[in-house]
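Chemist: Enclosed is the structure file final_24.csv (CSV, C-alpha atoms).
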```csv
chain,number,residue,atom,x,y,z
A,1,ASP,CA,105.4,92.6,121.1
A,2,ALA,CA,108.2,91.1,123.1
A,3,LYS,CA,111.7,92.2,122.4
A,4,THR,CA,114.3,89.7,121.2
A,5,THR,CA,118.0,89.5,121.7
A,6,GLN,CA,120.3,87.9,119.1
A,7,PRO,CA,124.0,87.9,118.7
A,8,PRO,CA,125.0,90.4,116.0
A,9,SER,CA,127.1,87.9,114.0
A,10,MET,CA,128.0,84.3,113.7
A,11,ASP,CA,130.2,82.2,111.4
A,12,CYS,CA,129.5,78.6,110.5
A,13,ALA,CA,131.5,76.2,108.3
A,14,GLU,CA,129.9,75.0,105.1
A,15,GLY,CA,128.2,71.6,105.6
A,16,ARG,CA,127.9,72.0,109.3
A,17,ALA,CA,124.8,72.8,111.3
A,18,ALA,CA,124.2,76.4,112.0
A,19,ASN,CA,122.6,77.1,115.4
A,20,LEU,CA,121.2,80.6,115.8
A,21,PRO,CA,120.0,81.5,119.3
A,22,CYS,CA,117.4,84.0,120.3
A,23,ASN,CA,116.4,85.2,123.7
A,24,HIS,CA,112.8,86.4,124.3
A,25,SER,CA,112.5,86.3,128.0
A,26,THR,CA,109.4,88.6,128.1
A,27,ILE,CA,107.4,86.5,125.7
A,28,SER,CA,103.7,86.2,126.5
A,29,GLY,CA,101.6,83.1,126.4
A,30,ASN,CA,99.9,84.1,123.1
A,31,GLU,CA,103.0,85.2,121.3
A,32,TYR,CA,104.6,83.1,118.5
A,33,VAL,CA,108.3,82.9,117.6
A,34,TYR,CA,108.9,83.7,113.9
A,35,TRP,CA,112.2,83.5,112.0
A,36,TYR,CA,112.9,85.3,108.8
A,37,ARG,CA,116.2,85.8,106.9
A,38,GLN,CA,117.3,88.5,104.5
A,39,ILE,CA,119.9,87.9,101.9
A,40,HIS,CA,121.7,91.0,100.8
A,41,SER,CA,119.5,93.4,98.8
A,42,GLN,CA,116.5,91.1,98.9
A,43,GLY,CA,113.2,91.0,100.8
A,44,PRO,CA,113.0,88.9,103.9
A,45,GLN,CA,112.2,85.3,103.5
A,46,TYR,CA,110.0,83.4,105.9
A,47,ILE,CA,111.7,80.4,107.5
A,48,ILE,CA,109.6,78.9,110.2
A,49,HIS,CA,107.5,79.8,113.2
A,50,GLY,CA,106.2,78.1,116.4
A,51,LEU,CA,104.3,78.6,119.6
A,52,LYS,CA,105.7,76.1,122.1
A,53,ASN,CA,106.4,72.9,120.3
A,54,ASN,CA,109.5,72.3,118.3
A,55,GLU,CA,108.9,72.7,114.6
A,56,THR,CA,110.7,71.4,111.5
A,57,ASN,CA,110.2,72.1,107.8
A,58,GLU,CA,112.3,71.8,104.7
A,59,MET,CA,114.4,74.7,105.5
A,60,ALA,CA,115.1,74.5,109.2
A,61,SER,CA,114.2,73.3,112.7
A,62,LEU,CA,113.0,75.5,115.5
A,63,ILE,CA,113.7,74.5,119.0
A,64,ILE,CA,111.8,76.4,121.7
A,65,THR,CA,112.7,75.9,125.4
A,66,GLU,CA,110.1,74.7,127.8
A,67,ASP,CA,109.8,78.0,129.5
A,68,ARG,CA,109.6,79.7,126.0
A,69,LYS,CA,112.2,82.3,127.0
A,70,SER,CA,114.6,81.4,124.3
A,71,SER,CA,114.7,79.5,121.0
A,72,THR,CA,117.2,78.2,118.5
A,73,LEU,CA,117.0,78.1,114.7
A,74,ILE,CA,118.9,75.2,113.3
A,75,LEU,CA,120.0,75.0,109.7
A,76,PRO,CA,121.1,71.4,109.5
A,77,HIS,CA,123.6,71.5,106.7
A,78,ALA,CA,124.6,75.1,106.0
A,79,THR,CA,125.5,76.1,102.5
A,80,LEU,CA,127.0,79.3,101.1
A,81,ARG,CA,123.6,80.4,100.1
A,82,ASP,CA,122.5,80.5,103.7
A,83,THR,CA,124.7,83.6,104.3
A,84,ALA,CA,122.2,86.2,105.4
A,85,VAL,CA,120.8,88.2,108.3
A,86,TYR,CA,118.5,86.1,110.4
A,87,TYR,CA,115.7,87.8,112.3
A,88,CYS,CA,113.9,86.3,115.3
A,89,ILE,CA,110.6,88.0,115.9
A,90,VAL,CA,107.9,87.4,118.5
A,91,ARG,CA,104.4,88.5,118.0
A,92,VAL,CA,100.9,87.6,118.9
A,93,GLY,CA,99.0,85.2,116.7
A,94,ALA,CA,96.5,86.5,114.1
A,95,ASN,CA,93.5,85.6,116.4
A,96,PHE,CA,94.6,88.3,118.7
A,97,GLY,CA,94.6,90.9,115.9
A,98,ASN,CA,98.2,92.3,116.0
A,99,GLU,CA,99.8,91.5,112.7
A,100,LYS,CA,102.8,93.7,112.9
A,101,LEU,CA,106.3,92.2,112.6
A,102,THR,CA,108.9,94.3,114.5
A,103,PHE,CA,112.4,93.6,113.1
A,104,GLY,CA,115.4,93.9,115.4
A,105,THR,CA,118.9,94.0,114.3
A,106,GLY,CA,119.2,90.2,113.7
A,107,THR,CA,122.2,87.9,113.4
A,108,ARG,CA,124.5,88.2,110.4
A,109,LEU,CA,125.3,84.6,109.6
A,110,THR,CA,128.3,84.0,107.4
A,111,ILE,CA,128.9,80.5,106.0
A,112,ILE,CA,132.6,79.9,105.5
A,113,PRO,CA,133.7,77.6,102.7
B,1,GLY,CA,103.0,79.4,96.5
B,2,ALA,CA,102.8,82.7,98.5
B,3,VAL,CA,104.8,84.8,96.0
B,4,VAL,CA,104.9,88.5,96.3
B,5,SER,CA,106.3,90.7,93.6
B,6,GLN,CA,107.3,94.4,93.4
B,7,HIS,CA,107.7,96.7,90.5
B,8,PRO,CA,110.0,98.3,89.7
B,9,SER,CA,113.0,96.6,91.3
B,10,TRP,CA,114.9,99.8,91.2
B,11,VAL,CA,114.2,103.4,90.2
B,12,ILE,CA,116.3,106.5,90.0
B,13,CYS,CA,114.4,109.8,89.9
B,14,LYS,CA,115.1,113.5,90.2
B,15,SER,CA,114.3,115.4,93.4
B,16,GLY,CA,110.7,116.7,93.4
B,17,THR,CA,109.2,114.0,91.3
B,18,SER,CA,106.8,111.3,92.5
B,19,VAL,CA,107.5,107.6,92.3
B,20,LYS,CA,105.0,104.8,92.4
B,21,ILE,CA,105.9,101.3,93.6
B,22,GLU,CA,103.6,98.3,93.1
B,23,CYS,CA,103.2,95.3,95.3
B,24,ARG,CA,101.4,92.3,94.1
B,25,SER,CA,100.5,88.9,95.7
B,26,LEU,CA,100.7,86.6,92.7
B,27,ASP,CA,99.1,83.4,93.9
B,28,PHE,CA,96.9,84.4,96.8
B,29,GLN,CA,94.6,87.2,98.0
B,30,ALA,CA,95.9,89.5,100.6
B,31,THR,CA,93.5,91.7,102.5
B,32,THR,CA,96.4,93.2,104.4
B,33,MET,CA,99.7,94.3,103.0
B,34,PHE,CA,102.6,96.1,104.8
B,35,TRP,CA,105.1,98.6,103.6
B,36,TYR,CA,108.6,98.7,105.1
B,37,ARG,CA,111.6,100.9,104.5
B,38,GLN,CA,115.2,99.9,105.1
B,39,PHE,CA,118.2,102.2,105.1
B,40,PRO,CA,121.7,100.8,104.5
B,41,LYS,CA,123.0,98.6,107.2
B,42,GLN,CA,119.8,99.0,109.2
B,43,SER,CA,116.8,96.8,109.9
B,44,LEU,CA,113.4,97.0,108.3
B,45,MET,CA,111.1,99.7,109.7
B,46,LEU,CA,107.4,99.4,109.2
B,47,MET,CA,105.9,102.4,107.5
B,48,ALA,CA,102.2,101.5,107.2
B,49,THR,CA,99.6,98.8,107.1
B,50,SER,CA,97.6,98.7,103.9
B,51,ASN,CA,94.0,97.3,104.1
B,52,GLU,CA,92.0,96.5,101.0
B,53,GLY,CA,89.2,98.9,100.5
B,54,SER,CA,90.1,101.2,103.4
B,55,LYS,CA,92.6,103.8,104.4
B,56,ALA,CA,96.1,102.7,105.4
B,57,THR,CA,97.3,102.9,108.9
B,58,TYR,CA,100.6,104.7,109.2
B,59,GLU,CA,103.3,104.2,111.9
B,60,GLN,CA,104.3,107.1,114.1
B,61,GLY,CA,106.5,109.6,112.3
B,62,VAL,CA,105.6,108.5,108.8
B,63,GLU,CA,103.9,111.3,106.7
B,64,LYS,CA,100.8,110.0,105.1
B,65,ASP,CA,100.6,112.8,102.7
B,66,LYS,CA,104.1,112.0,101.5
B,67,PHE,CA,103.8,108.3,101.3
B,68,LEU,CA,100.5,107.6,99.6
B,69,ILE,CA,99.2,104.1,99.9
B,70,ASN,CA,96.4,102.6,97.8
B,71,HIS,CA,95.1,99.0,98.2
B,72,ALA,CA,92.5,98.9,95.5
B,73,SER,CA,92.3,95.1,95.1
B,74,LEU,CA,93.1,91.9,97.0
B,75,THR,CA,96.3,91.4,95.1
B,76,LEU,CA,97.7,94.9,94.6
B,77,SER,CA,98.9,97.7,96.9
B,78,THR,CA,100.8,100.7,95.7
B,79,LEU,CA,103.1,103.1,97.5
B,80,THR,CA,103.6,106.5,96.0
B,81,VAL,CA,106.5,108.6,97.3
B,82,THR,CA,105.4,112.2,96.5
B,83,SER,CA,107.9,115.0,95.8
B,84,ALA,CA,110.8,112.7,96.5
B,85,HIS,CA,114.0,114.1,98.0
B,86,PRO,CA,117.4,112.5,98.4
B,87,GLU,CA,116.7,111.6,102.0
B,88,ASP,CA,113.9,109.3,100.7
B,89,SER,CA,116.4,107.2,99.0
B,90,SER,CA,116.0,103.7,100.5
B,91,PHE,CA,115.0,100.1,100.0
B,92,TYR,CA,111.3,99.8,100.1
B,93,ILE,CA,109.8,96.4,100.8
B,94,CYS,CA,106.2,95.2,100.9
B,95,SER,CA,104.7,92.1,102.5
B,96,ALA,CA,101.4,90.4,102.1
B,97,ARG,CA,99.6,88.5,104.8
B,98,LEU,CA,98.0,85.1,104.2
B,99,THR,CA,94.4,85.0,105.3
B,100,SER,CA,94.7,81.4,106.3
B,101,GLY,CA,96.8,79.3,108.7
B,102,ASP,CA,98.8,81.4,111.1
B,103,ASN,CA,98.7,84.4,108.9
B,104,GLU,CA,102.4,84.6,108.2
B,105,GLN,CA,103.7,87.4,106.0
B,106,PHE,CA,105.5,86.9,102.8
B,107,PHE,CA,107.8,89.6,101.5
B,108,GLY,CA,108.4,91.1,98.1
B,109,PRO,CA,112.0,91.4,96.7
B,110,GLY,CA,112.1,95.1,97.4
B,111,THR,CA,112.5,98.3,95.4
B,112,ARG,CA,115.7,100.3,95.5
B,113,LEU,CA,114.8,104.1,95.2
B,114,THR,CA,117.5,106.6,94.5
B,115,VAL,CA,116.6,110.2,94.4
B,116,LEU,CA,119.2,112.5,92.8
```
Could the structure of this file be written out as structure tokens, please?
Modeler:
Amino acid sequence: DAKTTQPPSMDCAEGRAANLPCNHSTISGNEYVYWYRQIHSQGPQYIIHGLKNNETNEMASLIITEDRKSSTLILPHATLRDTAVYYCIVRVGANFGNEKLTFGTGTRLTIIP
Amino acid sequence: GAVVSQHPSWVICKSGTSVKIECRSLDFQATTMFWYRQFPKQSLMLMATSNEGSKATYEQGVEKDKFLINHASLTLSTLTVTSAHPEDSSFYICSARLTSGDNEQFFGPGTRLTVL
């Protein structure tokens, strides 16, 4: 699986949009971008994933650059409960058989009141 | 939907005892479950992949005789830490893979193991 690079920490004011970047310059054509977050002492929570098109769900939006070498997770209106470590992971899709998720160090996002 | 539970949520045991942790997919069937370990201030490390009805696949460096995994049904996988020692104290997290869609994984809440 391709490696990802994320800033170790970020702050965001409550109510503002939180934009979390992720670089994955060695991503292959069959690899998806997944985002998970982990609130302290809890299991990771799935947020969103995408292949090449931008995606949006009730939690967040995922913007993937045209060359797919980087992406941004957007939390449109951050709340204090969004304080967590956010992991960007790339892996091949299920059709290619590799189901492993390899977690990096992630970005520790702190929402400031 | 896609809820995964773990039991117990925390356990304290004496050195040398064995501890069993259960992972259940509550509202879906999971042919594949994963077990991770997380030490304080570190990221999750995959320990093994658990497949229903077959032997687990362990990651390099993980002792299969120490961390026994059983995946007897489509909704239950168990991890048994045998002869636990203080260095096994960690946060153990399981995940279950959907067999539909893009097969995303959903994680349990974790089990905090403390070995005295």
Chemist: Please compute the atom CA of Phe39 of chain B-atom CA of Ile111 of chain A distance, one decimal, in Å.
Modeler: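 Computed distance, atom CA of Phe39 of chain B to atom CA of Ile111 of chain A, equals 24.2 Å.
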Chemist: Would you mind listing, as a PyMOL selection string, all residues of chain B that have at least one atom within 7 Å of chain A, where only C-alpha atoms are what counts?
Modeler: chain B and resi 43-44+93+102-103+106-110
Chemist: Residues at most 7 Å from Ile69 of chain B, counting only C-alpha atoms, excluding those fewer than 2 positions away in the same chain, as a list in words?
Modeler: Ser50, Ala56, Phe67, His71, Thr78, Leu79 and Thr80 of chain B
Chemist: Find the residues around Ser77 of chain B up to 9 Å (only C-alpha atoms counted), leave out those fewer than 2 positions away in its own chain, and share them as a PyMOL selection string.
Modeler: chain B and resi 21-24+33-34+50-52+69-75+79+94
Chemist: Could you give me, as a PyMOL selection string, the residues within 10 Å of segment 69-73 of chain A, counting all atoms listed in the file and dropping anything in the same chain fewer than 6 positions from it?
Modeler: chain A and resi 4-5+18-28+33-35+47-50+52+54-56+60-63+86+88
Chemist: Find, counting all atoms listed in the file, the residue in A:Ile89, A:Leu51, A:Ile74, A:Glu58 that gets nearest to Lys3 of chain A.
Modeler: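 Looking only at the distances to Lys3 of chain A, the closest residue turns out to be A:Ile89.
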Chemist: What does the distance between atom CA of Leu116 of chain B and atom CA of Met45 of chain B come to in Å, to one decimal place?
Modeler: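 Taking atom CA of Leu116 of chain B as the start and atom CA of Met45 of chain B as the end point, the length is 22.7 Å.
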Chemist: Choose the residue, out of A:Ile39, A:Met59, A:Gln6, A:Arg16, that has the smallest atom-to-atom separation from Arg81 of chain A; count all atoms listed in the file.
Modeler: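 Residue with the minimum atom-to-atom distance to Arg81 of chain A: A:Ile39.
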Chemist: So the first atom is atom CA of Asn30 of chain A and the second is atom CA of Thr99 of chain B; what is the distance between them in Å, to one decimal place?
Modeler: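 Distance reported for this atom pair: 18.7 Å.
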Chemist: Nearest to Ala84 of chain A: which of A:Thr65, A:Met10, A:Gly29, A:Asn57 is it, counting all atoms listed in the file?
Modeler: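 Going through A:Thr65, A:Met10, A:Gly29, A:Asn57 one by one, the smallest distance to Ala84 of chain A is for A:Met10.
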Chemist: Provide segment 64-76 of chain B of the preceding structure as a file containing all heavy atoms, as a tab-separated table (two decimals), in the first residue's frame.
Modeler:
```
chain	number	residue	atom	x	y	z
B	64	LYS	N	1.82	-16.42	17.04
B	64	LYS	CA	0.49	-17.03	16.90
B	64	LYS	C	0.13	-17.91	18.08
B	64	LYS	O	-1.05	-18.11	18.37
B	64	LYS	CB	0.40	-17.82	15.60
B	64	LYS	CG	1.37	-18.98	15.49
B	64	LYS	CD	1.20	-19.69	14.16
B	64	LYS	CE	2.14	-20.87	14.04
B	64	LYS	NZ	1.98	-21.57	12.74
B	65	ASP	N	1.14	-18.45	18.76
B	65	ASP	CA	0.85	-19.31	19.91
B	65	ASP	C	0.53	-18.49	21.16
B	65	ASP	O	-0.01	-19.01	22.13
B	65	ASP	CB	2.03	-20.24	20.20
B	65	ASP	CG	2.25	-21.24	19.09
B	65	ASP	OD1	1.25	-21.60	18.43
B	65	ASP	OD2	3.40	-21.64	18.86
B	66	LYS	N	0.88	-17.22	21.12
B	66	LYS	CA	0.60	-16.36	22.26
B	66	LYS	C	-0.74	-15.64	22.07
B	66	LYS	O	-1.47	-15.43	23.02
B	66	LYS	CB	1.70	-15.32	22.44
B	66	LYS	CG	1.46	-14.41	23.63
B	66	LYS	CD	2.66	-13.56	23.94
B	66	LYS	CE	2.40	-12.73	25.18
B	66	LYS	NZ	2.13	-13.55	26.36
B	67	PHE	N	-1.01	-15.28	20.86
B	67	PHE	CA	-2.25	-14.57	20.54
B	67	PHE	C	-3.13	-15.50	19.69
B	67	PHE	O	-3.04	-15.52	18.47
B	67	PHE	CB	-1.96	-13.27	19.81
B	67	PHE	CG	-1.12	-12.31	20.60
B	67	PHE	CD1	0.25	-12.21	20.38
B	67	PHE	CD2	-1.71	-11.51	21.58
B	67	PHE	CE1	1.03	-11.33	21.12
B	67	PHE	CE2	-0.94	-10.62	22.32
B	67	PHE	CZ	0.44	-10.53	22.10
B	68	LEU	N	-3.98	-16.25	20.40
B	68	LEU	CA	-4.81	-17.24	19.73
B	68	LEU	C	-6.08	-16.58	19.19
B	68	LEU	O	-6.78	-15.90	19.93
B	68	LEU	CB	-5.18	-18.37	20.70
B	68	LEU	CG	-4.00	-19.11	21.32
B	68	LEU	CD1	-4.51	-20.18	22.28
B	68	LEU	CD2	-3.13	-19.75	20.25
B	69	ILE	N	-6.35	-16.81	17.93
B	69	ILE	CA	-7.53	-16.21	17.31
B	69	ILE	C	-8.44	-17.32	16.80
B	69	ILE	O	-8.00	-18.25	16.14
B	69	ILE	CB	-7.12	-15.29	16.15
B	69	ILE	CG1	-6.40	-14.07	16.71
B	69	ILE	CG2	-8.33	-14.87	15.33
B	69	ILE	CD1	-5.81	-13.16	15.67
B	70	ASN	N	-9.72	-17.16	17.13
B	70	ASN	CA	-10.74	-18.10	16.69
B	70	ASN	C	-11.88	-17.33	16.06
B	70	ASN	O	-12.38	-16.36	16.63
B	70	ASN	CB	-11.25	-18.93	17.88
B	70	ASN	CG	-12.26	-19.97	17.44
B	70	ASN	OD1	-13.42	-19.68	17.25
B	70	ASN	ND2	-11.80	-21.18	17.23
B	71	HIS	N	-12.27	-17.72	14.88
B	71	HIS	CA	-13.36	-17.03	14.15
B	71	HIS	C	-14.39	-18.09	13.79
B	71	HIS	O	-14.47	-18.53	12.65
B	71	HIS	CB	-12.77	-16.35	12.92
B	71	HIS	CG	-13.69	-15.36	12.28
B	71	HIS	ND1	-13.20	-14.32	11.51
B	71	HIS	CD2	-15.03	-15.22	12.28
B	71	HIS	CE1	-14.21	-13.61	11.04
B	71	HIS	NE2	-15.34	-14.14	11.51
B	72	ALA	N	-15.15	-18.49	14.80
B	72	ALA	CA	-16.02	-19.65	14.66
B	72	ALA	C	-17.32	-19.36	13.94
B	72	ALA	O	-17.97	-20.28	13.44
B	72	ALA	CB	-16.32	-20.22	16.04
B	73	SER	N	-17.72	-18.12	13.88
B	73	SER	CA	-18.97	-17.80	13.20
B	73	SER	C	-18.81	-16.50	12.42
B	73	SER	O	-17.79	-15.83	12.53
B	73	SER	CB	-20.11	-17.65	14.21
B	73	SER	OG	-20.04	-16.40	14.87
B	74	LEU	N	-19.82	-16.16	11.65
B	74	LEU	CA	-19.74	-14.96	10.80
B	74	LEU	C	-19.92	-13.68	11.60
B	74	LEU	O	-19.83	-12.59	11.03
B	74	LEU	CB	-20.80	-15.04	9.69
B	74	LEU	CG	-20.51	-16.06	8.60
B	74	LEU	CD1	-21.70	-16.18	7.66
B	74	LEU	CD2	-19.27	-15.69	7.81
B	75	THR	N	-20.19	-13.80	12.89
B	75	THR	CA	-20.39	-12.59	13.69
B	75	THR	C	-19.49	-12.53	14.92
B	75	THR	O	-19.58	-11.60	15.71
B	75	THR	CB	-21.85	-12.48	14.16
B	75	THR	OG1	-22.18	-13.62	14.94
B	75	THR	CG2	-22.79	-12.36	12.97
B	76	LEU	N	-18.59	-13.50	15.08
B	76	LEU	CA	-17.78	-13.54	16.30
B	76	LEU	C	-16.35	-13.98	16.02
B	76	LEU	O	-16.12	-15.01	15.39
B	76	LEU	CB	-18.40	-14.49	17.32
B	76	LEU	CG	-17.59	-14.76	18.59
B	76	LEU	CD1	-17.42	-13.48	19.41
B	76	LEU	CD2	-18.25	-15.85	19.43
```
